[in-house]
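Source file: my_file-v2.csv. Holds: CSV, C-alpha atoms (C1' of nucleotides).
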chain,number,residue,atom,x,y,z
A,686,MET,CA,134.9,113.0,179.5
A,687,PRO,CA,133.7,114.9,176.4
A,688,GLU,CA,130.3,116.5,176.6
A,689,LEU,CA,128.6,118.6,174.0
A,690,PRO,CA,131.1,121.5,173.9
A,691,GLU,CA,134.1,119.2,173.7
A,692,VAL,CA,132.6,117.1,170.9
A,693,GLU,CA,131.5,120.2,169.1
A,694,THR,CA,135.0,121.5,169.3
A,695,VAL,CA,136.4,118.3,167.9
A,696,LYS,CA,133.8,118.4,165.1
A,697,ARG,CA,134.7,121.9,164.1
A,698,GLY,CA,138.4,121.0,164.1
A,699,LEU,CA,138.0,117.9,162.0
A,700,ASN,CA,135.8,119.9,159.5
A,701,LYS,CA,138.8,122.2,159.0
A,702,LEU,CA,141.4,119.4,159.0
A,703,ILE,CA,140.1,116.3,157.1
A,704,VAL,CA,137.3,117.2,154.8
A,705,GLY,CA,138.3,116.5,151.2
A,706,LYS,CA,141.0,114.0,152.2
A,707,THR,CA,140.9,110.5,150.9
A,708,ILE,CA,141.4,107.5,153.2
A,709,THR,CA,144.2,105.1,152.3
A,710,ASN,CA,144.5,102.9,155.3
A,711,ILE,CA,142.9,102.1,158.7
A,712,SER,CA,144.5,99.9,161.3
A,713,PHE,CA,142.8,98.8,164.5
A,714,ASP,CA,143.1,95.9,166.9
A,715,TRP,CA,140.6,96.4,169.7
A,716,PRO,CA,137.2,95.0,168.5
A,717,LYS,CA,135.2,96.6,171.3
A,718,SER,CA,136.6,100.0,170.2
A,719,PHE,CA,136.0,99.3,166.5
A,720,PRO,CA,134.0,96.1,165.7
A,721,ASN,CA,134.0,96.3,161.9
A,722,SER,CA,135.8,93.8,159.7
A,723,GLN,CA,138.8,94.8,157.6
A,724,ASP,CA,136.8,93.7,154.6
A,725,ASP,CA,134.1,96.3,155.3
A,726,ILE,CA,136.7,99.0,155.7
A,727,ALA,CA,138.6,98.0,152.6
A,728,SER,CA,135.4,98.0,150.5
A,729,PHE,CA,133.8,101.2,151.6
A,730,ALA,CA,136.5,103.4,153.3
A,731,TYR,CA,139.7,102.9,151.2
A,732,GLY,CA,139.6,105.4,148.4
A,733,ALA,CA,136.6,107.3,149.9
A,734,LYS,CA,136.7,111.0,150.5
A,735,VAL,CA,135.6,112.7,153.7
A,736,ILE,CA,132.6,114.8,152.9
A,737,ASN,CA,131.5,116.2,156.3
A,738,VAL,CA,131.8,115.8,160.0
A,739,ARG,CA,128.6,116.1,162.1
A,740,ARG,CA,127.7,116.0,165.8
A,741,ARG,CA,124.5,114.8,167.5
A,742,ALA,CA,124.5,114.8,171.3
A,743,LYS,CA,128.0,113.6,172.2
A,744,VAL,CA,128.3,111.5,169.1
A,745,LEU,CA,130.5,112.4,166.1
A,746,MET,CA,129.8,111.3,162.5
A,747,ILE,CA,132.3,111.4,159.7
A,748,ASP,CA,130.5,111.0,156.4
A,749,LEU,CA,132.3,109.5,153.4
A,750,SER,CA,131.7,109.9,149.7
A,751,THR,CA,130.8,106.2,149.6
A,752,LYS,CA,127.7,107.0,151.7
A,753,TYR,CA,129.3,105.2,154.6
A,754,THR,CA,129.8,106.9,158.0
A,755,PHE,CA,132.1,106.5,160.9
A,756,VAL,CA,130.0,106.9,164.1
A,757,ILE,CA,132.2,107.8,167.1
A,758,HIS,CA,131.6,108.1,170.8
A,759,LEU,CA,134.5,109.3,172.9
A,760,LYS,CA,132.9,108.3,176.2
A,761,MET,CA,135.2,109.2,179.1
A,762,THR,CA,138.7,109.3,177.7
A,763,GLY,CA,138.4,109.2,174.0
A,764,GLN,CA,140.4,111.5,171.7
A,765,LEU,CA,140.5,112.1,168.0
A,766,VAL,CA,143.8,113.7,167.2
A,767,TYR,CA,144.9,114.8,163.7
A,768,VAL,CA,148.6,114.9,162.9
A,769,GLY,CA,149.6,116.5,159.6
A,770,ALA,CA,152.1,114.7,157.3
A,771,GLN,CA,154.9,117.0,158.1
A,772,LYS,CA,154.5,116.8,161.9
A,773,ASN,CA,153.9,113.1,161.6
A,774,LYS,CA,157.4,112.6,160.1
A,775,ASN,CA,159.0,114.5,162.9
A,776,THR,CA,158.8,112.9,166.3
A,777,THR,CA,157.7,115.0,169.2
A,778,LYS,CA,159.5,118.1,168.0
A,779,ASN,CA,157.3,121.1,167.2
A,780,ARG,CA,154.2,119.2,168.3
A,781,PHE,CA,153.3,121.9,170.8
A,782,GLY,CA,151.6,124.9,169.4
A,783,ALA,CA,153.7,128.0,168.9
A,784,GLY,CA,153.7,130.2,172.0
A,785,HIS,CA,151.7,127.7,174.0
A,786,PRO,CA,154.2,125.2,175.4
A,787,ASN,CA,151.8,123.6,177.8
A,788,ASP,CA,148.5,123.4,175.9
A,789,SER,CA,148.9,119.9,174.7
A,790,LEU,CA,148.6,116.5,176.4
A,791,ILE,CA,149.7,114.6,173.4
A,792,GLY,CA,153.2,113.2,173.0
A,793,GLN,CA,154.3,111.1,170.1
A,794,LEU,CA,151.5,109.1,168.5
A,795,PRO,CA,150.6,106.4,168.3
A,796,ASP,CA,150.9,105.6,172.0
A,797,LYS,CA,149.6,102.8,174.2
A,798,SER,CA,146.1,104.3,174.2
A,799,THR,CA,145.8,104.4,170.4
A,800,ARG,CA,143.0,102.1,169.2
A,801,VAL,CA,142.5,103.2,165.6
A,802,ILE,CA,144.8,104.8,163.1
A,803,THR,CA,143.4,106.3,159.9
A,804,THR,CA,145.8,107.4,157.2
A,805,PHE,CA,144.9,109.9,154.4
A,806,ASN,CA,146.3,110.3,150.9
A,807,ASP,CA,148.6,113.2,151.9
A,808,GLY,CA,150.3,111.2,154.6
A,809,SER,CA,148.4,112.9,157.5
A,810,VAL,CA,146.9,110.7,160.2
A,811,LEU,CA,143.9,110.7,162.5
A,812,TYR,CA,144.4,108.8,165.8
A,813,PHE,CA,141.6,107.5,167.9
A,814,ASN,CA,143.0,107.2,171.4
A,815,ASP,CA,141.1,105.9,174.4
A,816,GLN,CA,142.7,105.1,177.6
A,817,ARG,CA,139.8,103.4,179.3
A,818,LYS,CA,138.4,101.7,176.1
A,819,PHE,CA,134.8,102.8,176.8
A,820,GLY,CA,134.7,104.7,173.6
A,821,TRP,CA,133.9,103.2,170.2
A,822,MET,CA,133.7,103.7,166.5
A,823,LYS,CA,131.2,102.0,164.2
A,824,PHE,CA,131.3,102.0,160.4
A,825,MET,CA,128.0,101.8,158.6
A,826,PRO,CA,125.9,103.1,155.7
A,827,THR,CA,125.1,106.7,156.3
A,828,ALA,CA,121.4,106.0,155.9
A,829,GLU,CA,121.4,103.6,158.8
A,830,VAL,CA,123.0,105.9,161.4
A,831,LYS,CA,119.7,107.4,162.4
A,832,THR,CA,118.3,104.0,163.2
A,833,LEU,CA,120.8,103.3,165.9
A,834,PRO,CA,118.9,102.9,169.2
A,835,PHE,CA,120.7,105.9,170.8
A,836,PHE,CA,119.6,108.2,168.0
A,837,VAL,CA,116.1,107.0,168.0
A,838,LYS,CA,115.6,108.0,171.7
A,839,VAL,CA,118.0,110.9,172.1
A,840,GLY,CA,116.5,114.3,173.2
A,841,PRO,CA,116.6,117.7,171.6
A,842,GLU,CA,119.8,119.7,171.0
A,843,PRO,CA,120.1,122.5,173.6
A,844,LEU,CA,121.8,124.9,171.2
A,845,GLU,CA,119.2,124.7,168.5
A,846,ASP,CA,116.8,127.6,168.1
A,847,THR,CA,113.8,125.3,168.8
A,848,PHE,CA,115.1,124.6,172.4
A,849,SER,CA,112.8,126.8,174.5
A,850,ALA,CA,112.3,126.9,178.2
A,851,ASP,CA,108.9,125.2,177.7
A,852,LEU,CA,110.5,122.4,175.8
A,853,LEU,CA,113.1,121.9,178.6
A,854,ASN,CA,110.3,121.8,181.1
A,855,LYS,CA,108.4,119.3,179.0
A,856,ARG,CA,111.5,117.1,178.5
A,857,LEU,CA,112.4,117.1,182.2
A,858,LEU,CA,108.9,116.1,183.1
A,859,LYS,CA,109.6,112.8,181.3
A,860,ARG,CA,111.4,112.0,184.6
A,861,PRO,CA,109.2,113.7,187.2
A,862,ASN,CA,110.2,111.8,190.3
A,863,THR,CA,113.9,111.6,189.8
A,864,THR,CA,116.5,114.2,190.7
A,865,ILE,CA,117.0,117.1,188.3
A,866,LYS,CA,120.6,116.2,187.9
A,867,ALA,CA,119.7,112.6,186.8
A,868,ALA,CA,117.2,114.0,184.4
A,869,LEU,CA,119.7,116.4,182.9
A,870,LEU,CA,122.2,113.6,182.4
A,871,ASP,CA,119.6,111.4,180.7
A,872,GLN,CA,120.4,111.8,177.0
A,873,SER,CA,116.8,110.9,176.1
A,874,VAL,CA,115.6,114.0,178.0
A,875,LEU,CA,118.2,116.4,176.6
A,876,ALA,CA,121.2,115.8,174.3
A,877,GLY,CA,124.8,116.6,175.3
A,878,ILE,CA,124.8,117.5,179.0
A,879,GLY,CA,127.2,115.6,181.1
A,880,ASN,CA,128.5,115.9,184.7
A,881,ILE,CA,130.4,119.2,184.3
A,882,TYR,CA,127.7,121.2,182.6
A,883,ALA,CA,124.9,119.7,184.8
A,884,ASP,CA,126.7,121.0,187.9
A,885,GLU,CA,127.5,124.3,186.3
A,886,SER,CA,124.1,125.0,184.9
A,887,LEU,CA,122.3,124.0,188.1
A,888,PHE,CA,124.5,126.2,190.2
A,889,GLY,CA,123.8,129.1,187.8
A,890,ALA,CA,120.0,128.5,188.2
A,891,ASN,CA,120.2,128.2,192.0
A,892,ILE,CA,118.8,124.7,191.9
A,893,HIS,CA,120.1,121.9,194.2
A,894,PRO,CA,121.0,118.9,192.0
A,895,ALA,CA,119.1,116.6,194.2
A,896,SER,CA,115.8,118.5,193.8
A,897,THR,CA,112.9,116.4,192.6
A,898,VAL,CA,112.1,117.4,189.0
A,899,LYS,CA,108.4,118.0,189.4
A,900,LYS,CA,108.9,120.1,192.5
A,901,VAL,CA,111.1,122.7,190.9
A,902,PRO,CA,109.2,125.9,190.2
A,903,LYS,CA,108.8,126.8,186.5
A,904,LYS,CA,110.5,130.1,187.1
A,905,HIS,CA,113.7,128.2,188.0
A,906,ILE,CA,113.4,125.9,185.0
A,907,ASN,CA,113.3,129.0,182.9
A,908,LYS,CA,116.5,130.2,184.6
A,909,LEU,CA,118.0,126.7,184.1
A,910,HIS,CA,117.2,126.9,180.4
A,911,LYS,CA,119.2,130.1,180.0
A,912,GLU,CA,122.1,128.8,182.1
A,913,ILE,CA,122.4,125.6,180.0
A,914,ILE,CA,122.7,127.6,176.8
A,915,ASP,CA,125.1,130.2,178.4
A,916,VAL,CA,127.3,127.5,179.9
A,917,LEU,CA,127.5,125.4,176.8
A,918,ASN,CA,128.2,128.4,174.6
A,919,LEU,CA,130.9,129.8,176.9
A,920,SER,CA,132.6,126.4,177.0
A,921,ILE,CA,132.5,126.1,173.2
A,922,GLN,CA,134.1,129.5,173.0
A,923,LYS,CA,136.8,128.3,175.4
A,924,GLY,CA,137.4,125.1,173.4
A,925,GLY,CA,135.7,122.9,176.0
A,926,SER,CA,136.9,121.6,179.4
A,927,THR,CA,140.1,119.7,179.9
A,928,ASP,CA,140.1,118.1,183.3
A,929,LYS,CA,142.3,115.1,182.6
A,930,ASN,CA,142.3,113.7,179.1
A,931,TYR,CA,140.3,115.8,176.7
A,932,VAL,CA,142.1,117.4,173.8
A,933,ASN,CA,140.7,118.8,170.5
A,934,ALA,CA,141.4,117.6,167.0
A,935,GLU,CA,144.9,119.3,167.1
A,936,GLY,CA,145.8,117.6,170.4
A,937,LYS,CA,145.2,120.8,172.4
A,938,LYS,CA,143.5,121.3,175.7
A,939,GLY,CA,140.3,123.4,176.3
A,940,SER,CA,140.2,126.1,179.0
A,941,TYR,CA,136.6,126.2,180.2
A,942,ILE,CA,137.6,124.5,183.4
A,943,THR,CA,139.2,127.7,184.6
A,944,PHE,CA,135.9,129.5,184.2
A,945,ALA,CA,133.9,126.8,186.0
A,946,LYS,CA,132.0,128.1,189.1
A,947,VAL,CA,131.5,124.9,191.1
A,948,PHE,CA,133.0,121.9,189.2
A,949,ARG,CA,136.2,120.8,191.0
A,950,LYS,CA,135.9,123.8,193.3
A,951,GLU,CA,135.2,121.8,196.5
A,952,GLY,CA,136.7,123.6,199.5
A,953,LYS,CA,136.7,126.9,197.8
A,954,PRO,CA,134.5,129.9,198.7
A,955,CYS,CA,131.3,130.2,196.6
A,956,ILE,CA,131.8,132.7,193.8
A,957,ASN,CA,128.6,134.6,194.9
A,958,ASN,CA,130.4,135.7,198.1
A,959,CYS,CA,127.6,134.1,200.1
A,960,GLY,CA,130.2,133.0,202.7
A,961,ASN,CA,129.7,129.3,202.0
A,962,ILE,CA,132.2,126.8,200.8
A,963,ILE,CA,131.5,124.6,197.8
A,964,ILE,CA,131.1,121.0,198.8
A,965,LYS,CA,131.4,117.8,196.8
A,966,THR,CA,128.8,115.1,197.3
A,967,LYS,CA,127.1,112.3,195.3
A,968,VAL,CA,123.9,112.8,193.3
A,969,ALA,CA,122.6,110.4,190.7
A,970,GLY,CA,125.7,108.3,191.4
A,971,ARG,CA,128.0,111.0,190.2
A,972,GLY,CA,130.4,113.4,191.9
A,973,THR,CA,128.4,116.6,192.4
A,974,HIS,CA,129.5,120.1,193.3
A,975,ILE,CA,127.1,122.4,195.2
A,976,CYS,CA,126.8,125.6,197.2
A,977,ILE,CA,124.1,124.6,199.7
A,978,GLN,CA,123.6,128.3,200.4
A,979,CYS,CA,122.8,129.4,196.9
A,980,GLN,CA,121.2,126.2,195.5
A,981,LYS,CA,117.8,125.5,196.9
A,982,LYS,CA,116.6,121.9,197.2
A,983,TYR,CA,113.0,121.3,196.1
A,984,VAL,CA,111.7,118.0,197.3
B,1020,DC,C1',107.1,100.8,184.6
B,1021,DA,C1',110.3,104.2,186.9
B,1022,DC,C1',114.3,104.6,188.9
B,1023,DT,C1',119.0,103.2,190.7
B,1024,DT,C1',123.1,100.5,190.6
B,1025,DG,C1',126.8,97.8,188.5
B,1026,DA,C1',129.7,96.9,184.6
B,1027,DC,C1',132.6,98.2,181.0
B,1028,DC,C1',138.4,99.6,181.3
B,1029,DT,C1',142.8,101.9,182.6
B,1030,DG,C1',145.3,105.1,185.3
B,1031,DT,C1',146.0,108.0,189.2
B,1032,DC,C1',145.7,109.5,193.7
B,1033,DC,C1',145.2,109.0,198.7
B,1034,DG,C1',145.6,106.7,203.1
B,1035,DC,C1',147.7,103.0,205.7
C,1316,DT,C1',157.8,102.5,198.3
C,1317,DG,C1',154.1,99.2,198.2
C,1318,DC,C1',149.4,98.0,198.2
C,1319,DG,C1',144.3,98.3,198.3
C,1320,DG,C1',140.5,101.0,197.4
C,1321,DA,C1',138.1,104.9,195.7
C,1322,DC,C1',137.4,107.6,192.0
C,1323,DA,C1',137.3,109.7,187.0
C,1324,DG,C1',133.8,113.8,182.4
C,1325,DG,C1',129.3,108.2,179.7
C,1326,DT,C1',126.0,104.9,178.7
C,1327,DC,C1',123.8,100.4,178.8
C,1328,DA,C1',122.1,96.2,181.1
C,1329,DA,C1',120.5,94.3,185.1
C,1330,DG,C1',118.5,94.8,189.5
C,1331,DT,C1',115.0,96.6,192.9
What does this structure look like when you write it as structure tokens?
Amino acid sequence: MPELPEVETVKRGLNKLIVGKTITNISFDWPKSFPNSQDDIASFAYGAKVINVRRRAKVLMIDLSTKYTFVIHLKMTGQLVYVGAQKNKNTTKNRFGAGHPNDSLIGQLPDKSTRVITTFNDGSVLYFNDQRKFGWMKFMPTAEVKTLPFFVKVGPEPLEDTFSADLLNKRLLKRPNTTIKAALLDQSVLAGIGNIYADESLFGANIHPASTVKKVPKKHINKLHKEIIDVLNLSIQKGGSTDKNYVNAEGKKGSYITFAKVFRKEGKPCINNCGNIIIKTKVAGRGTHICIQCQKKYV
DNA sequence: CACTTGACCTGTCCGC
DNA sequence: TGCGGACAGGTCAAGT
């Protein structure tokens, strides 16, 4: 589920909501979601203050004053939802944002998907929910985070200034013989792109997702570079994509999906008015949305 | 080594 | 309505 724009949105929300708060209790009962021992938590989290919330690729990090960090991956269906003390005392009443009755997927928490409950000194609560249990949290010294295998190999951040078209080209050529979609989804090539934004950016760049990386002309890689940045920025502006489960730190949906040009648009006319219908097929083992008229296949 | 496929889980939707 | 199977936004291990 959450890709870079969704995780970035959660990060920004949490930075507004939990920085400065002190952790008083954490409860959890699914070791694959959160493998740490209660002893670790009690020693280094209870009484600790939240200093900062960071993001790298699709991973969130919550840094504590004890120089310990929660490292969190939401995978497909993870959610981090903050509920203020006042709201938490109520039940489901007033849990839907004023004037937006349908912008939330969250009912009363905790629910059956809740894996970890973090309580703060003011009575507010952060829920880690994850229906499919693919997501995880790890609690470790802040200094050790960068030694995690994922962080050692992960590629550059596409929204940093140093991300140039030449850099994209160089990174993609780490996987010269695979499909360009598989390369974009490979987090060691580039950080943060998932299935939605791979399809959207490849459509914008007129590249068929099954094109072989090394066969795609540099001119089109340049276009892809621009599309990646534009698509990610637009999605962040819209609060990310909510297809099924994703909500931000306040439990609210993102609206990017209504701006998507191909993702989940199978059977609909291509937005370029080329006369073709968007089809859904499978590339790199993933559902893939394409206009075969507008997206050229380089093989 | 490079690349692809299956596994991890639960829930939902679709066809019979 | 019930049931089986396919599928869902991510990543790693195992397989080719």
Which chain A residues have any atom within 6 Å of an atom of chain B, and for each, what is the nearest pair of atoms with distance in Å to one decimal, counting all atoms listed in the file, rows sorted by chain and number, as a tab-separated table?
residue	atom	partner	partner_atom	distance
A:Gln816	CA	B:DT1029	C1'	5.9
A:Arg817	CA	B:DC1028	C1'	4.5
A:Lys818	CA	B:DC1028	C1'	5.6
Contact set, chain A to chain C: 8 Å, only C-alpha atoms (C1' of nucleotides), as a list in words: Met686, Pro687, Glu688, Lys760, Met761, Gly879, Asn880, Ile881 and Asp928 of chain A
What's the 9 Å shell around Cys979 (chain A), counting only C-alpha atoms (C1' of nucleotides), without same-chain residues fewer than 2 positions away, as a short mmCIF file (atom, residue, chain, number, x, y, z; two decimals) with C-alpha atoms, in the coordinates of the input?
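Dumped to part-v9.cif:
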data_model
loop_
_atom_site.label_atom_id
_atom_site.label_comp_id
_atom_site.auth_asym_id
_atom_site.auth_seq_id
_atom_site.Cartn_x
_atom_site.Cartn_y
_atom_site.Cartn_z
CA PHE A 888 124.50 126.20 190.20
CA ASN A 891 120.20 128.20 192.00
CA ILE A 892 118.80 124.70 191.90
CA HIS A 893 120.10 121.90 194.20
CA CYS A 955 131.30 130.20 196.60
CA ASN A 957 128.60 134.60 194.90
CA CYS A 959 127.60 134.10 200.10
CA ASN A 961 129.70 129.30 202.00
CA ILE A 975 127.10 122.40 195.20
CA CYS A 976 126.80 125.60 197.20
CA ILE A 977 124.10 124.60 199.70
CA LYS A 981 117.80 125.50 196.90
#
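CA of Val766 (chain A) lies 25.0 Å from CA of Glu842 (chain A).
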In Å, rounded to a single decimal, give me how far CA of Tyr767 (chain A) is from CA of Phe755 (chain A).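 Going from CA of Phe755 (chain A) over to CA of Tyr767 (chain A), I get 15.5 Å.
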Point-to-point distance from CA of Asp815 (chain A) to CA of Lys929 (chain A), Å rounded to tenths: 12.4 Å
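For Gly925 (chain A), the residues within 9 Å (counting all atoms listed in the file, excluding itself and residues fewer than 2 positions away along the chain) are A:Pro687, A:Glu688, A:Leu689, A:Pro690, A:Glu691, A:Val692, A:Glu693, A:Thr694, A:Leu917, A:Leu919, A:Ser920, A:Ile921, A:Gln922, A:Lys923, A:Thr927, A:Tyr931, A:Val932, A:Asn933, A:Lys938, A:Gly939, A:Ser940, A:Tyr941, A:Ile942.
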